[in-house]
Amino acid sequence: MCRSIKTLRPPITPEVTDEDIRAAALQYVRKVSGFRAPAAHNREVFERAVDAVAAATQDLLDNLQVRGSAAAHQP
């Protein structure tokens, strides 16, 4: 699923931007909803979903611990 979403975690992708996270979230919501662009009556819920997925993605990346990586999260 979502083959166009790239891996965003370090060290695979050392520099992850907000745009990278938003693009991945958008691709996920497009795949799940089946819509490339929502109709006007679905635009708000579509954008809320993208925002929620982007926030969850950022939280995940901020808190992942990668063994043997200098980028591993230190508590």
# chains A, B, ... in the order shown; residues from 1 in each chain; ligands from 1
>>> select_by_dssp(residues="chain A", states="helix (DSSP H, G or I)", output="NGL selection string")
:A and (18-33 or 40-63)
>>> write_last_selection(atoms="N, CA and C atoms", output="compact mmCIF listing (two decimals), in the first residue's frame")
# COMPACT_ATOMS: atom_id res chain seq x y z
N ASP A 18 8.90 19.23 7.23
CA ASP A 18 7.45 19.24 7.40
C ASP A 18 6.76 18.90 6.09
N GLU A 19 7.35 19.33 4.98
CA GLU A 19 6.78 19.05 3.67
C GLU A 19 6.83 17.55 3.36
N ASP A 20 7.92 16.87 3.77
CA ASP A 20 8.01 15.42 3.58
C ASP A 20 6.90 14.71 4.35
N ILE A 21 6.70 15.13 5.58
CA ILE A 21 5.68 14.52 6.44
C ILE A 21 4.29 14.79 5.88
N ARG A 22 4.04 16.00 5.46
CA ARG A 22 2.72 16.34 4.89
C ARG A 22 2.47 15.56 3.60
N ALA A 23 3.49 15.42 2.75
CA ALA A 23 3.33 14.68 1.50
C ALA A 23 3.00 13.21 1.77
N ALA A 24 3.66 12.61 2.75
CA ALA A 24 3.37 11.23 3.11
C ALA A 24 1.95 11.10 3.65
N ALA A 25 1.54 12.04 4.49
CA ALA A 25 0.19 12.03 5.05
C ALA A 25 -0.85 12.18 3.95
N LEU A 26 -0.59 13.07 3.01
CA LEU A 26 -1.51 13.28 1.90
C LEU A 26 -1.64 12.02 1.05
N GLN A 27 -0.52 11.36 0.76
CA GLN A 27 -0.57 10.12 -0.02
C GLN A 27 -1.37 9.05 0.70
N TYR A 28 -1.17 8.95 2.01
CA TYR A 28 -1.91 7.96 2.80
C TYR A 28 -3.42 8.22 2.75
N VAL A 29 -3.81 9.47 2.98
CA VAL A 29 -5.24 9.82 2.99
C VAL A 29 -5.84 9.61 1.60
N ARG A 30 -5.10 9.95 0.56
CA ARG A 30 -5.58 9.71 -0.80
C ARG A 30 -5.82 8.22 -1.04
N LYS A 31 -4.88 7.39 -0.59
CA LYS A 31 -5.00 5.95 -0.80
C LYS A 31 -6.20 5.39 -0.04
N VAL A 32 -6.31 5.77 1.23
CA VAL A 32 -7.38 5.24 2.06
C VAL A 32 -8.75 5.71 1.59
N SER A 33 -8.85 6.99 1.20
CA SER A 33 -10.15 7.53 0.78
C SER A 33 -10.52 7.16 -0.65
N ALA A 40 -15.79 19.29 -2.94
CA ALA A 40 -15.93 20.42 -2.02
C ALA A 40 -16.58 20.03 -0.70
N HIS A 41 -17.58 19.16 -0.75
CA HIS A 41 -18.28 18.79 0.48
C HIS A 41 -17.46 17.84 1.37
N ASN A 42 -16.35 17.32 0.86
CA ASN A 42 -15.46 16.46 1.66
C ASN A 42 -14.11 17.10 1.96
N ARG A 43 -13.89 18.29 1.47
CA ARG A 43 -12.58 18.93 1.61
C ARG A 43 -12.15 19.11 3.06
N GLU A 44 -13.06 19.57 3.91
CA GLU A 44 -12.70 19.83 5.31
C GLU A 44 -12.28 18.53 6.03
N VAL A 45 -13.07 17.48 5.88
CA VAL A 45 -12.74 16.22 6.55
C VAL A 45 -11.46 15.61 5.98
N PHE A 46 -11.24 15.78 4.69
CA PHE A 46 -10.02 15.30 4.03
C PHE A 46 -8.80 16.01 4.62
N GLU A 47 -8.87 17.33 4.72
CA GLU A 47 -7.75 18.12 5.26
C GLU A 47 -7.51 17.81 6.73
N ARG A 48 -8.58 17.59 7.49
CA ARG A 48 -8.43 17.22 8.91
C ARG A 48 -7.71 15.88 9.02
N ALA A 49 -8.05 14.96 8.13
CA ALA A 49 -7.40 13.65 8.13
C ALA A 49 -5.91 13.79 7.80
N VAL A 50 -5.58 14.60 6.82
CA VAL A 50 -4.17 14.82 6.46
C VAL A 50 -3.43 15.42 7.65
N ASP A 51 -4.03 16.41 8.30
CA ASP A 51 -3.40 17.03 9.47
C ASP A 51 -3.18 16.01 10.59
N ALA A 52 -4.17 15.16 10.83
CA ALA A 52 -4.07 14.16 11.90
C ALA A 52 -2.99 13.13 11.59
N VAL A 53 -2.93 12.68 10.35
CA VAL A 53 -1.91 11.71 9.97
C VAL A 53 -0.52 12.35 10.03
N ALA A 54 -0.40 13.59 9.61
CA ALA A 54 0.89 14.29 9.68
C ALA A 54 1.33 14.44 11.14
N ALA A 55 0.41 14.78 12.02
CA ALA A 55 0.74 14.93 13.45
C ALA A 55 1.17 13.58 14.04
N ALA A 56 0.46 12.52 13.70
CA ALA A 56 0.82 11.19 14.19
C ALA A 56 2.18 10.76 13.65
N THR A 57 2.46 11.10 12.41
CA THR A 57 3.75 10.77 11.80
C THR A 57 4.87 11.51 12.50
N GLN A 58 4.67 12.80 12.77
CA GLN A 58 5.69 13.58 13.47
C GLN A 58 5.95 13.01 14.86
N ASP A 59 4.88 12.66 15.57
CA ASP A 59 5.02 12.07 16.90
C ASP A 59 5.80 10.75 16.83
N LEU A 60 5.47 9.93 15.86
CA LEU A 60 6.18 8.67 15.67
C LEU A 60 7.66 8.90 15.43
N LEU A 61 7.99 9.78 14.50
CA LEU A 61 9.39 10.05 14.18
C LEU A 61 10.14 10.66 15.36
N ASP A 62 9.46 11.51 16.12
CA ASP A 62 10.08 12.14 17.28
C ASP A 62 10.40 11.15 18.39
N ASN A 63 9.67 10.05 18.44
CA ASN A 63 9.79 9.13 19.56
C ASN A 63 10.35 7.75 19.22
>>> atom_distance(atom1="atom CA of A:Phe35", atom2="atom CA of A:Thr13")
27.8 Å
